[in-house]
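First up is the structure itself, then whatever we jot down about it.
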Amino acid sequence: NSHPTEANSPPQVAIVITNWNGRQFLTACLASILAQDFQDFEVWLVDNASTDGSVELVRSRFPRVKVIQNEANVGLCAANNRGILATEAEFVVILNNDTELEPDCLGQLVAAMKADPQLGMCASKMRLTDRRDMIESSGIVIDRAGIPWGLASGTLDRGGESKPTPVFGACGGAALYRRSMLLEIGLFDEDLFVYFEDADVAWRGQWAGWKCVYVPGAIVYHAHSATIKEGSPFKTRLLGRNKVWLIAKNYPWPHLLWYAPLILLYELMAIGYSIITGQGRDALRGRWE
């Protein structure tokens with residue numbers, strides 16, 4: 001059933017968008033959501049104390065969207081959790097505010113999720129907004145050094161895929177989750193604030209016995225690093241910190257002992273690169289935390 005449910009029952013899907021001063025992206029993002037073929041959903045905008053008129057724009061132009069206003073910038077993870085807890089929908093889409101969805105995206109994700117009760121996560125095909133033939137992510141994997149990667153990142157989309165295929169996890173820029181899985185594993189880790197929170201959820205979901213598939217027909221366009229710029233001190237610090245936390249929380253034992261030299265080598269290389277590019281202080285601060 002791709003049509004809205006009766007008034008007294010919750011919709012099948014809740015779309016949760018965390019926003020922090022992303023007014024310039026919201027019109028395109030929300031318009032693409034409301035134009036979906038699949039319409040049995042509600043939309044929650046969780047605003048992290050924006051000062052750019054984001055909330056006013058949404059309330060005036062998109063009355064269907066429900067708004068949660070946070071008193072401060074509580075981070076992506078805490079904002080996601082507030083949206084998840086506000087809904088009773090069976091499935092939750094976590095979506096970046098700087099994305100645009102193809103009309104059949106949501107329907108493709110839901111169909112894949114409903115086909116297998118063991119699925120807790122579905123990954124979309126994320127392409128770059130300014131290079132619409134280039135893939136940003138087709139799901140995420142974790143390598144032996146504990147580093148999350150976007151599958152097929154930076155490659156041209158040649159199509160040809162049709163069926164959902166197993167992957168480790170979903171990129172949190174546009175992911176469909178089973179709400180029961182999120183509640184079981186404890187939602188997003190608010191200590192992370194932002195970055196690697198999707199890899200952490202995927203890892204904990206896998207440990208709990210849930211699976212993930214990549215849905216090639218669910219196409220999303222993403223303006224990469226539009227909210228927080230690449231190479232900013234804030235991003236450099238949190239990437240360094242959260243990488244260590246991700247490994248400490250989730251890496252299997254005793255494999256962690258076997259691959260500790262590799263993990264340490266990658267960390268030293270990353271710190272060295274940060275020093276060369278003038279970001280060494282922030283990289284070290286994050287790891288010290």
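Each chain in the structure tokens gets a letter, A, B, ..., in the order shown, and its residues are numbered from 1; ligands are numbered from 1 in order too.
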_I'd like the neighbourhood of Cys105 (chain A) as a PyMOL selection string, where a residue qualifies if any of its atoms comes within 9 Å (using only C-alpha atoms), though same-chain residues fewer than 3 positions away should be ignored._
chain A and resi 36-38+101-102+108-110+124+217-220
Written file, previous selection with all heavy atoms, as a short mmCIF file (atom, residue, chain, number, x, y, z; two decimals), in the first residue's frame:
data_model
loop_
_atom_site.label_atom_id
_atom_site.label_comp_id
_atom_site.auth_asym_id
_atom_site.auth_seq_id
_atom_site.Cartn_x
_atom_site.Cartn_y
_atom_site.Cartn_z
N GLN A 36 7.14 12.14 -3.98
CA GLN A 36 7.39 10.70 -4.04
C GLN A 36 6.16 9.94 -4.53
O GLN A 36 5.02 10.29 -4.23
CB GLN A 36 7.80 10.16 -2.67
CG GLN A 36 9.18 10.58 -2.22
CD GLN A 36 10.27 10.05 -3.12
OE1 GLN A 36 10.50 8.84 -3.23
NE2 GLN A 36 10.96 10.97 -3.80
N ASP A 37 6.39 8.87 -5.29
CA ASP A 37 5.31 7.98 -5.72
C ASP A 37 4.67 7.31 -4.49
O ASP A 37 3.45 7.17 -4.43
CB ASP A 37 5.85 6.90 -6.67
CG ASP A 37 6.47 7.49 -7.93
OD1 ASP A 37 6.07 8.61 -8.31
OD2 ASP A 37 7.37 6.85 -8.51
N PHE A 38 5.50 6.87 -3.56
CA PHE A 38 5.04 6.28 -2.30
C PHE A 38 4.69 7.42 -1.35
O PHE A 38 5.54 8.27 -1.08
CB PHE A 38 6.16 5.40 -1.72
CG PHE A 38 5.82 4.71 -0.43
CD1 PHE A 38 5.37 3.41 -0.42
CD2 PHE A 38 5.97 5.37 0.78
CE1 PHE A 38 5.07 2.76 0.78
CE2 PHE A 38 5.66 4.74 1.98
CZ PHE A 38 5.21 3.44 1.98
N LEU A 101 15.60 13.49 -3.71
CA LEU A 101 15.23 12.11 -4.00
C LEU A 101 14.58 11.99 -5.37
O LEU A 101 13.77 12.83 -5.75
CB LEU A 101 14.24 11.60 -2.94
CG LEU A 101 14.77 11.14 -1.59
CD1 LEU A 101 15.52 12.27 -0.86
CD2 LEU A 101 13.62 10.62 -0.72
N GLU A 102 14.94 10.92 -6.09
CA GLU A 102 14.18 10.56 -7.28
C GLU A 102 12.78 10.13 -6.86
O GLU A 102 12.59 9.62 -5.75
CB GLU A 102 14.88 9.43 -8.04
CG GLU A 102 16.17 9.84 -8.75
CD GLU A 102 15.91 10.52 -10.08
OE1 GLU A 102 14.74 10.83 -10.39
OE2 GLU A 102 16.89 10.76 -10.82
N GLN A 108 11.12 2.25 -3.49
CA GLN A 108 12.12 1.20 -3.70
C GLN A 108 12.72 0.74 -2.37
O GLN A 108 12.90 -0.46 -2.12
CB GLN A 108 13.24 1.74 -4.60
CG GLN A 108 12.81 2.04 -6.01
CD GLN A 108 13.17 0.93 -6.99
OE1 GLN A 108 13.76 -0.08 -6.62
NE2 GLN A 108 12.82 1.13 -8.26
N LEU A 109 13.01 1.70 -1.49
CA LEU A 109 13.59 1.36 -0.18
C LEU A 109 12.61 0.54 0.66
O LEU A 109 12.98 -0.47 1.27
CB LEU A 109 13.99 2.63 0.57
CG LEU A 109 15.20 3.39 0.04
CD1 LEU A 109 15.33 4.74 0.74
CD2 LEU A 109 16.48 2.58 0.24
N VAL A 110 11.36 0.98 0.70
CA VAL A 110 10.35 0.30 1.51
C VAL A 110 10.10 -1.11 0.99
O VAL A 110 9.99 -2.07 1.77
CB VAL A 110 9.05 1.12 1.56
CG1 VAL A 110 7.94 0.32 2.25
CG2 VAL A 110 9.27 2.43 2.29
N SER A 124 20.68 3.55 0.16
CA SER A 124 20.30 4.09 -1.14
C SER A 124 21.54 4.25 -2.01
O SER A 124 22.68 4.11 -1.54
CB SER A 124 19.63 5.45 -0.95
OG SER A 124 20.53 6.36 -0.34
N GLY A 217 18.01 0.95 -7.03
CA GLY A 217 16.96 1.75 -7.64
C GLY A 217 16.55 2.96 -6.82
O GLY A 217 15.78 3.81 -7.30
N ALA A 218 17.05 3.05 -5.59
CA ALA A 218 16.70 4.17 -4.70
C ALA A 218 17.78 5.24 -4.83
O ALA A 218 18.80 5.21 -4.15
CB ALA A 218 16.59 3.68 -3.26
N ILE A 219 17.55 6.21 -5.70
CA ILE A 219 18.58 7.18 -6.07
C ILE A 219 18.37 8.51 -5.35
O ILE A 219 17.27 9.07 -5.35
CB ILE A 219 18.61 7.40 -7.59
CG1 ILE A 219 18.97 6.07 -8.29
CG2 ILE A 219 19.60 8.49 -7.97
CD1 ILE A 219 18.85 6.12 -9.80
N VAL A 220 19.45 8.98 -4.72
CA VAL A 220 19.44 10.23 -3.97
C VAL A 220 20.63 11.07 -4.43
O VAL A 220 21.73 10.55 -4.62
CB VAL A 220 19.57 9.96 -2.45
CG1 VAL A 220 19.62 11.26 -1.66
CG2 VAL A 220 18.43 9.09 -1.95
#
Would you return as a compact mmCIF listing (two decimals) with N, CA and C atoms, in the first residue's frame the members of region 7-231 of chain A that DSSP assigns to strand (DSSP E or B) on this structure's backbone?
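To be explicit, this is the file written out as states-v2.txt:
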# COMPACT_ATOMS: atom_id res chain seq x y z
N VAL A 13 6.12 5.04 7.19
CA VAL A 13 7.47 5.62 7.17
C VAL A 13 7.47 7.00 7.81
N ALA A 14 8.49 7.26 8.60
CA ALA A 14 8.78 8.61 9.07
C ALA A 14 10.11 9.05 8.47
N ILE A 15 10.12 10.21 7.84
CA ILE A 15 11.36 10.77 7.29
C ILE A 15 11.85 11.83 8.27
N VAL A 16 13.05 11.62 8.81
CA VAL A 16 13.61 12.52 9.82
C VAL A 16 14.79 13.27 9.21
N ILE A 17 14.68 14.59 9.19
CA ILE A 17 15.73 15.45 8.63
C ILE A 17 16.25 16.35 9.74
N THR A 18 17.53 16.23 10.06
CA THR A 18 18.15 17.16 10.99
C THR A 18 18.65 18.37 10.21
N ASN A 19 18.37 19.56 10.73
CA ASN A 19 18.73 20.78 10.01
C ASN A 19 19.47 21.74 10.93
N PHE A 41 3.80 8.33 4.34
CA PHE A 41 4.89 8.80 5.20
C PHE A 41 4.52 10.11 5.88
N GLU A 42 5.30 10.42 6.93
CA GLU A 42 5.27 11.74 7.55
C GLU A 42 6.69 12.26 7.56
N VAL A 43 6.83 13.58 7.64
CA VAL A 43 8.15 14.21 7.60
C VAL A 43 8.36 15.00 8.89
N TRP A 44 9.51 14.76 9.51
CA TRP A 44 9.90 15.50 10.70
C TRP A 44 11.17 16.28 10.41
N LEU A 45 11.13 17.59 10.60
CA LEU A 45 12.33 18.41 10.54
C LEU A 45 12.75 18.71 11.98
N VAL A 46 13.93 18.23 12.36
CA VAL A 46 14.46 18.49 13.70
C VAL A 46 15.52 19.59 13.54
N ASP A 47 15.20 20.78 14.03
CA ASP A 47 16.07 21.93 13.80
C ASP A 47 16.96 22.21 15.01
N ASN A 48 18.26 22.29 14.74
CA ASN A 48 19.25 22.52 15.79
C ASN A 48 19.55 24.00 15.96
N LYS A 66 6.30 18.27 10.03
CA LYS A 66 6.25 18.51 11.48
C LYS A 66 7.62 18.98 11.94
N VAL A 67 7.64 20.01 12.79
CA VAL A 67 8.90 20.64 13.18
C VAL A 67 9.16 20.43 14.67
N ILE A 68 10.38 20.00 14.98
CA ILE A 68 10.88 19.97 16.36
C ILE A 68 12.01 20.99 16.43
N GLN A 69 11.88 21.96 17.33
CA GLN A 69 12.91 22.99 17.48
C GLN A 69 13.73 22.72 18.73
N ASN A 70 15.02 22.44 18.54
CA ASN A 70 15.92 22.26 19.67
C ASN A 70 16.42 23.60 20.16
N PHE A 91 9.02 2.18 9.87
CA PHE A 91 10.31 2.43 9.22
C PHE A 91 10.67 3.91 9.35
N VAL A 92 11.98 4.17 9.47
CA VAL A 92 12.46 5.54 9.61
C VAL A 92 13.54 5.82 8.56
N VAL A 93 13.34 6.87 7.79
CA VAL A 93 14.38 7.35 6.88
C VAL A 93 15.15 8.47 7.56
N ILE A 94 16.45 8.31 7.68
CA ILE A 94 17.32 9.39 8.14
C ILE A 94 17.89 10.05 6.89
N LEU A 95 17.64 11.35 6.75
CA LEU A 95 17.96 12.05 5.50
C LEU A 95 18.68 13.36 5.78
N ASN A 96 19.77 13.60 5.06
CA ASN A 96 20.44 14.89 5.15
C ASN A 96 19.57 15.98 4.53
N THR A 99 19.88 16.90 0.40
CA THR A 99 19.65 15.80 -0.54
C THR A 99 18.41 16.07 -1.38
N GLU A 100 18.32 15.37 -2.50
CA GLU A 100 17.12 15.36 -3.34
C GLU A 100 16.86 13.92 -3.77
N LEU A 101 15.60 13.49 -3.71
CA LEU A 101 15.23 12.11 -4.00
C LEU A 101 14.58 11.99 -5.37
N LEU A 119 15.99 -7.75 7.69
CA LEU A 119 16.64 -6.50 7.30
C LEU A 119 16.35 -5.42 8.34
N GLY A 120 17.40 -4.76 8.79
CA GLY A 120 17.24 -3.62 9.69
C GLY A 120 17.61 -2.32 9.04
N MET A 121 18.32 -2.40 7.88
CA MET A 121 18.85 -1.21 7.22
C MET A 121 18.81 -1.39 5.71
N CYS A 122 18.50 -0.31 5.00
CA CYS A 122 18.58 -0.29 3.54
C CYS A 122 19.37 0.95 3.11
N ALA A 123 20.36 0.72 2.26
CA ALA A 123 21.20 1.81 1.75
C ALA A 123 20.71 2.26 0.38
N SER A 124 20.68 3.55 0.16
CA SER A 124 20.30 4.09 -1.14
C SER A 124 21.54 4.25 -2.01
N LYS A 125 21.30 4.52 -3.30
CA LYS A 125 22.41 4.90 -4.19
C LYS A 125 22.54 6.41 -4.13
N MET A 126 23.61 6.90 -3.51
CA MET A 126 23.82 8.34 -3.37
C MET A 126 24.77 8.83 -4.46
N ARG A 127 24.27 9.79 -5.23
CA ARG A 127 25.09 10.44 -6.26
C ARG A 127 25.36 11.87 -5.84
N LEU A 128 26.38 12.47 -6.42
CA LEU A 128 26.71 13.86 -6.11
C LEU A 128 25.76 14.81 -6.84
N MET A 134 28.06 10.56 -10.87
CA MET A 134 29.11 10.03 -10.01
C MET A 134 28.53 9.56 -8.67
N ILE A 135 28.91 8.36 -8.27
CA ILE A 135 28.42 7.78 -7.03
C ILE A 135 29.22 8.31 -5.84
N GLU A 136 28.49 8.71 -4.81
CA GLU A 136 29.13 9.06 -3.54
C GLU A 136 29.17 7.85 -2.61
N SER A 137 28.09 7.07 -2.61
CA SER A 137 28.03 5.89 -1.75
C SER A 137 26.95 4.94 -2.24
N ILE A 140 27.97 1.26 2.98
CA ILE A 140 29.28 1.43 3.61
C ILE A 140 29.85 0.08 4.03
N VAL A 141 31.17 0.03 4.05
CA VAL A 141 31.91 -1.12 4.55
C VAL A 141 32.91 -0.63 5.59
N ILE A 142 33.40 -1.55 6.42
CA ILE A 142 34.46 -1.24 7.38
C ILE A 142 35.67 -2.09 7.02
N PRO A 148 35.55 3.32 8.01
CA PRO A 148 34.36 3.18 7.17
C PRO A 148 34.59 3.80 5.78
N TRP A 149 34.11 3.11 4.76
CA TRP A 149 34.23 3.59 3.38
C TRP A 149 32.87 3.56 2.71
N GLY A 150 32.66 4.53 1.82
CA GLY A 150 31.49 4.50 0.96
C GLY A 150 31.77 3.61 -0.23
N LEU A 156 31.94 6.35 -11.65
CA LEU A 156 30.82 6.72 -12.49
C LEU A 156 29.72 5.66 -12.38
N THR A 165 21.41 -5.84 -2.92
CA THR A 165 22.54 -6.72 -2.62
C THR A 165 23.04 -6.46 -1.20
N PRO A 166 23.53 -7.49 -0.50
CA PRO A 166 23.98 -7.32 0.89
C PRO A 166 25.17 -6.38 0.99
N VAL A 167 25.14 -5.49 1.99
CA VAL A 167 26.26 -4.62 2.33
C VAL A 167 26.35 -4.55 3.86
N GLY A 169 26.50 -1.74 5.84
CA GLY A 169 25.63 -0.72 6.43
C GLY A 169 25.20 0.30 5.41
N ALA A 174 21.19 9.15 3.62
CA ALA A 174 19.89 8.75 3.07
C ALA A 174 19.73 7.26 3.31
N ALA A 175 19.26 6.90 4.49
CA ALA A 175 19.15 5.49 4.89
C ALA A 175 17.77 5.19 5.43
N LEU A 176 17.29 3.99 5.14
CA LEU A 176 16.03 3.51 5.71
C LEU A 176 16.36 2.50 6.81
N TYR A 177 15.76 2.72 8.00
CA TYR A 177 15.99 1.82 9.13
C TYR A 177 14.66 1.24 9.61
N ARG A 178 14.72 0.02 10.11
CA ARG A 178 13.58 -0.54 10.82
C ARG A 178 13.60 0.05 12.23
N LYS A 211 20.47 -7.37 9.24
CA LYS A 211 21.18 -7.31 7.97
C LYS A 211 20.91 -5.97 7.27
N CYS A 212 21.70 -5.71 6.24
CA CYS A 212 21.54 -4.50 5.44
C CYS A 212 21.66 -4.86 3.97
N VAL A 213 20.89 -4.18 3.12
CA VAL A 213 21.06 -4.31 1.68
C VAL A 213 21.19 -2.93 1.04
N TYR A 214 21.90 -2.92 -0.08
CA TYR A 214 21.99 -1.74 -0.94
C TYR A 214 20.92 -1.84 -2.01
N VAL A 215 20.12 -0.78 -2.16
CA VAL A 215 19.00 -0.77 -3.10
C VAL A 215 19.37 0.15 -4.28
N PRO A 216 19.84 -0.40 -5.40
CA PRO A 216 20.34 0.43 -6.49
C PRO A 216 19.29 1.32 -7.15
N GLY A 217 18.01 0.95 -7.03
CA GLY A 217 16.96 1.75 -7.64
C GLY A 217 16.55 2.96 -6.82
N ALA A 218 17.05 3.05 -5.59
CA ALA A 218 16.70 4.17 -4.70
C ALA A 218 17.78 5.24 -4.83
N ILE A 219 17.55 6.21 -5.70
CA ILE A 219 18.58 7.18 -6.07
C ILE A 219 18.37 8.51 -5.35
N VAL A 220 19.45 8.98 -4.72
CA VAL A 220 19.44 10.23 -3.97
C VAL A 220 20.63 11.07 -4.43
N TYR A 221 20.40 12.37 -4.59
CA TYR A 221 21.50 13.29 -4.93
C TYR A 221 21.89 14.06 -3.67
N HIS A 222 23.21 14.20 -3.45
CA HIS A 222 23.70 14.78 -2.21
C HIS A 222 24.77 15.82 -2.48
*asked:* Quick check, in Å to one decimal: how far apart do CA of Ser232 (chain A) and CA of Asn81 (chain A) lie?
replied: 25.3 Å
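Across the structure, CA of Leu34 (chain A) and CA of Pro63 (chain A) are spaced 11.2 Å apart.
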*Looking only at alpha helix (DSSP H) from DSSP on the backbone, list the matching residues of region 53-275 of chain A as an NGL selection string.*
:A and (54-61 or 76-86 or 105-114 or 179-185 or 197-207 or 233-250 or 255-275)
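Distances from A:Lys249, A:His255, A:Arg241, A:Arg131 to Phe193 (chain A) were compared using only C-alpha atoms, and the smallest one belongs to A:Arg241.
CA of Ala111 (chain A) is found 28.7 Å from CA of Val58 (chain A).
For Arg23 (chain A), the set of protein, DNA and RNA residues having any atom at most 12 Å away, when counting only C-alpha atoms and skipping those fewer than 2 positions along the same chain, is A:Thr18, A:Asn19, A:Trp20, A:Asn21, A:Phe25, A:Leu26, A:Thr27, A:Ala28, A:Cys29, A:Leu30, A:Leu45, A:Asp47, A:Ser50, A:Thr51, A:Asp52, A:Gly53, A:Ser54, A:Val55, A:Glu56, A:Leu57, A:Val58, A:Asn97, A:Asp98, A:Ala226, A:Thr227.
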*Near Ala199 (chain A), counting only C-alpha atoms, which residues have an atom at most 9 Å away, once you skip same-chain residues fewer than 2 positions from it, shown as a PyMOL selection string?*
chain A and resi 140-142+148+168-172+195-197+201-204+246
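In terms of minimum interatomic distance to Asn250 (chain A), A:Gly146 ranks closest within A:Gly146, A:Pro233, A:Pro164, A:Gly83, counting only C-alpha atoms.
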*Rank A:Ala223, A:Leu268, A:Val244, A:Leu183 by their smallest atom-to-atom distance to Gly205 (chain A), using only C-alpha atoms, and report the top residue only.*
A:Leu183
*Residue with smallest distance to Glu184 (chain A) - pool A:Ala208, A:Leu264, A:Ile147, A:Val65, counting only C-alpha atoms*: A:Ala208
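Proximity of A:Thr155, A:Ser274, A:Asn242, A:Asn73 to Arg287 (chain A), computed with only C-alpha atoms, is greatest for A:Asn242.
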